[in-house]
Structures are given as structure tokens and as C-alpha cells.
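The block underneath contains the structure these notes are about, expressed in C-alpha cells.
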Amino acid sequence: MKQIAAILFLAAIGAAGTTPVGAAIPGVLDDQQPAQQPAHGLSDPDPMPEPEPEPKAVGGDAEPAPAPPPPPATPTREFREADRPLPRHRVALLPRFAYRLGEAGRTVTPAAGFGLAGTIEIAYLRAAAGLEAAVGIDFAYDRFAADEQGSTPVDGQEIRFGATRVVSETSFILVHTATASVGPVRPYLTIGGGLGLGYFGSAALDLRPGSARDTHLLGRVSLGVDIILNRAAYLALRADYTSVQNVSPFVTEDGRRLAVFGDLFNLGAGVAYRF
């Protein structure tokens with residue numbers, strides 16, 4: 001009944017306007033008429049897809065990659081002068097005590113004297129633990145002198161006077177040296193061979209003709225040590241034994257054969273320098 005009354009009411013007022021009944025009161029006829037379906041093909045288009053984000057340009061305003069971590073710091077070590085390798089060249093100069101060994105020193109005195117030795121070397125090999133090998137030249141001059149009573153004939157008479165007897169040895173030897181470093185000390189061993197030049201001079205009556213010269217072979221063994229004063233300079237200490245070979249004897253006017261040149265022992269102290 002309620003629906004019939006509403007229809008009649010709407011029909012009465014419908015003559016006064018043009019508004020359709022269904023449009024004026026929506027929902028009144030919803031259960032009477034089916035919902036109007038949209039025409040095929042005229043339905044609302046699908047919603048537009050959301051635009052994809054644009055890729056960021058390489059090299060643009062992109063955030064830079066983080067910097068790699070810095071390498072670990074290398075521990076620094078204070079440089080020390082002792083870390084440098086030693087120079088290869090060595091020169092040494094040694095004043096020394098000299099002594100004539102054996103029969104030569106007893107027969108024709110004096111036995112004790114003094115001398116001067118020098119060495120020039122270059123290291124050709126260095127190994128671990130401070131070992132070093134070098135070659136070089138060793139030279140020396142040893143002099144033995146003593147006062148004596150000289151004699152010379154004058155008008156058939158012997159005139160005596162004060163004189164000096166001299167025996168000397170000059171040597172030139174090729175040497176090979178092996179050295180070790182022990183803290184500030186460098187002990188070494190040297191062996192070598194070469195030539196010796198001997199000289200003898202005397203004015204004594206029983207030693208006429210009073211002079212002689214001889215060339216002979218020498219062999220030498222040396223033990224020494226260098227003590228560091230600074231990087232270049234050293235205090236040098238050395239002991240030598242020199243063997244004299246192929247020596248000619250000294251023959252006097254009365255036919256005696258005397259050994260004048262013989263083996264030598266030396267103790268030297270001086271300085272060495274490396275460059």
C-alpha cells in the first residue's frame with residue numbers, strides 16, 4: 001500500500017515538472033528496475049599505470065661511492081748511519097815493531113827493529129753475518145840498525161871509526177783477506193805471497209866485503225782487528241809472520257857463509273780508512 005501511495009503522489013506532481021521520477025527520488029524504483037548497464041565498449045578506461053621511476057643518470061647527481069679505506073700506515077724506522085753498507089775500499093797505514101827470527105837474527109845482529117806497513121784492499125764479496133772477502137796489495141819496509149866499530153885500510157893500516165850496521169827488508173805482497181763484523185770490532189785474517197828485497201851494509205872488519213843485496217820470495221800470514229772510530233776511520237792492530245824463501249847467504253872475504261835475511265815477526269798499530 002505504501003508503494004502505491006507513493007506512485008500516485010509522484011504522478012500527481014510529475015505533471016508540474018519534467019524531472020523523471022527515478023531521477024527525483026533515487027532508490028524508489030531500484031528494486032523495480034534493473035540497474036542500467038553501460039554500453040559495450042563505452043566503459044571507463046583502465047586507470048593509467050603509475051610511471052616507473054626514471055633511472056638515475058650515471059655521473060649525474062648520484063651520490064658518489066664511498067672512498068676505500070686508507071692503507072695501513074707503514075711503521076717508520078729511524079734511519080741509522082750503521083744501516084748503510086760499509087764502503088768497499090780500505091787503506092791502512094801501520095808503524096810497527098819488527099823482529100828477525102832464527103839464525104839470521106842471531107848471526108848478524110841486531111834482531112829488533114822498526115818498520116812501516118801499508119795495505120790497499122777492495123772487497124769483492126759480502127755475505128750474511130757481516131762476512132767479507134777482499135783482495136789487495138800489502139807493502140812494508142823494516143829496518144834493523146845497530147852501532148858498530150867500522151874499519152877501513154889507509155896506507156896499509158886499519159883506521160877504525162864509529163859506524164852503523166843496517167839490515168833492511170822491503171816487501172810487496174798480494175793478499176787475500178777474510179773479515180767478520182762483531183759489533184764495533186772487525187777481526188780479519190790475511191794470507192799472501194810476493195817478493196822481498198833485502199839489503200845489508202856494514203863497515204866491520206870481520207864482515208867484509210860489507211854489503212849485499214838479495215831478491216827472494218815471501219809468504220805472509222796476518223791476524224788483525226779494526227776498531228771503529230767513526231764510519232770511515234778505524235784503529236788498526238795487526239800481527240804478521242813473514243816467511244822468507246830462496247835466500248842467498250852472505251859470503252865474507254874469509255869464506256864464511258852467513259844467513260843475513262830470514263823470517264820476520266811484526267806487531268803494528270795504526271789507522272785504517274774506508275771509502
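All residue names refer to the C-alpha cells as shown: chains lettered A, B, ... in order, residues numbered from 1 in each chain, ligands numbered from 1 in order.
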
Within 10 Å of region 114-119 of chain A: each region 151-172 of chain A residue with its shortest pair, only C-alpha atoms, as a Markdown table:
```
| residue | atom | partner | partner_atom | distance |
| --- | --- | --- | --- | --- |
| A:Ser168 | CA | A:Gly115 | CA | 9.2 |
| A:Glu169 | CA | A:Gly115 | CA | 9.2 |
| A:Thr170 | CA | A:Gly115 | CA | 9.6 |
| A:Ser171 | CA | A:Ala117 | CA | 9.2 |
| A:Phe172 | CA | A:Gly118 | CA | 10.0 |
```

Using 12 Å as the limit and counting only C-alpha atoms, can you tabulate each residue of region 77-144 of chain A that touches region 202-222 of chain A, with its shortest atom-to-atom distance in Å and the two atoms involved, as a Markdown table?
```
| residue | atom | partner | partner_atom | distance |
| --- | --- | --- | --- | --- |
| A:Thr107 | CA | A:Leu207 | CA | 11.2 |
| A:Val108 | CA | A:Leu207 | CA | 9.3 |
| A:Thr109 | CA | A:Ser202 | CA | 10.8 |
| A:Pro110 | CA | A:Ser202 | CA | 11.8 |
| A:Ala117 | CA | A:Ser222 | CA | 11.8 |
| A:Thr119 | CA | A:Ser222 | CA | 11.7 |
| A:Ile137 | CA | A:Arg220 | CA | 11.8 |
| A:Asp138 | CA | A:Arg220 | CA | 9.7 |
| A:Phe139 | CA | A:Arg220 | CA | 11.0 |
| A:Ala140 | CA | A:Arg220 | CA | 11.4 |
| A:Phe144 | CA | A:Ser202 | CA | 11.8 |
```

For Ala163 (chain A): contacts at 7 Å, only C-alpha atoms, fewer than 5 positions along chain excluded, given as a ChimeraX atom specification: /A:147-150,203

Would you mind exporting the chosen residues as a short mmCIF file (atom, residue, chain, number, x, y, z; two decimals), in the first residue's frame, restricted to N, CA and C atoms?
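Written file, result28.cif:
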```cif
data_model
loop_
_atom_site.label_atom_id
_atom_site.label_comp_id
_atom_site.auth_asym_id
_atom_site.auth_seq_id
_atom_site.Cartn_x
_atom_site.Cartn_y
_atom_site.Cartn_z
N ASP A 147 174.82 0.25 16.23
CA ASP A 147 176.16 0.86 16.16
C ASP A 147 177.22 -0.25 16.13
N GLU A 148 178.29 0.00 15.41
CA GLU A 148 179.40 -0.95 15.35
C GLU A 148 180.72 -0.21 15.16
N GLN A 149 181.81 -0.95 15.28
CA GLN A 149 183.15 -0.39 15.07
C GLN A 149 183.56 -0.66 13.63
N GLY A 150 183.61 0.38 12.85
CA GLY A 150 183.99 0.24 11.47
C GLY A 150 185.50 0.28 11.29
N ALA A 203 180.36 -1.82 8.06
CA ALA A 203 181.76 -1.38 7.91
C ALA A 203 182.70 -2.17 8.80
#
```

Members of region 98-250 of chain A assigned strand (DSSP E) by DSSP, as JSON, numbers by chain: {"A": [98, 99, 100, 112, 113, 114, 115, 116, 117, 118, 119, 120, 121, 122, 123, 124, 125, 126, 132, 133, 134, 135, 136, 137, 138, 139, 140, 141, 142, 143, 144, 145, 146, 147, 148, 149, 150, 151, 152, 153, 154, 157, 158, 159, 160, 161, 162, 163, 164, 165, 166, 167, 168, 169, 170, 171, 172, 173, 174, 175, 176, 177, 178, 179, 185, 186, 187, 188, 189, 190, 191, 192, 193, 194, 195, 196, 197, 198, 199, 200, 201, 211, 212, 213, 214, 215, 216, 217, 218, 219, 220, 221, 222, 223, 224, 225, 226, 227, 228, 233, 234, 235, 236, 237, 238, 239, 240, 241, 242, 243, 244, 245, 250]}

Best match for closeness to Ala239 (chain A) among A:Thr179, A:Gln157, A:Thr252, A:Asn266, counting only C-alpha atoms: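 Of the candidates, the smallest distance to Ala239 (chain A) is held by A:Asn266.
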
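Rounded to one decimal, CA of Val251 (chain A) and CA of Glu103 (chain A) lie 15.0 Å from each other.
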
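Using only C-alpha atoms, the nearest neighbour of Val135 (chain A) within the list A:Leu86, A:Val185, A:Gly192, A:Phe161 is A:Gly192.
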
All residues 9 Å or closer to Val271 (chain A), only C-alpha atoms, same chain fewer than 4 positions away omitted, as a list in words: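 Answer for this query is Val91, Ala92, Leu93, Leu94, Asp226, Ala233, Tyr234, Leu235, Ala236 and Leu237 of chain A.
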
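Closest approach to Ala128 (chain A) among A:Ala180, A:Leu197, A:Leu223, A:Leu258 is made by A:Ala180 (distances from only C-alpha atoms).
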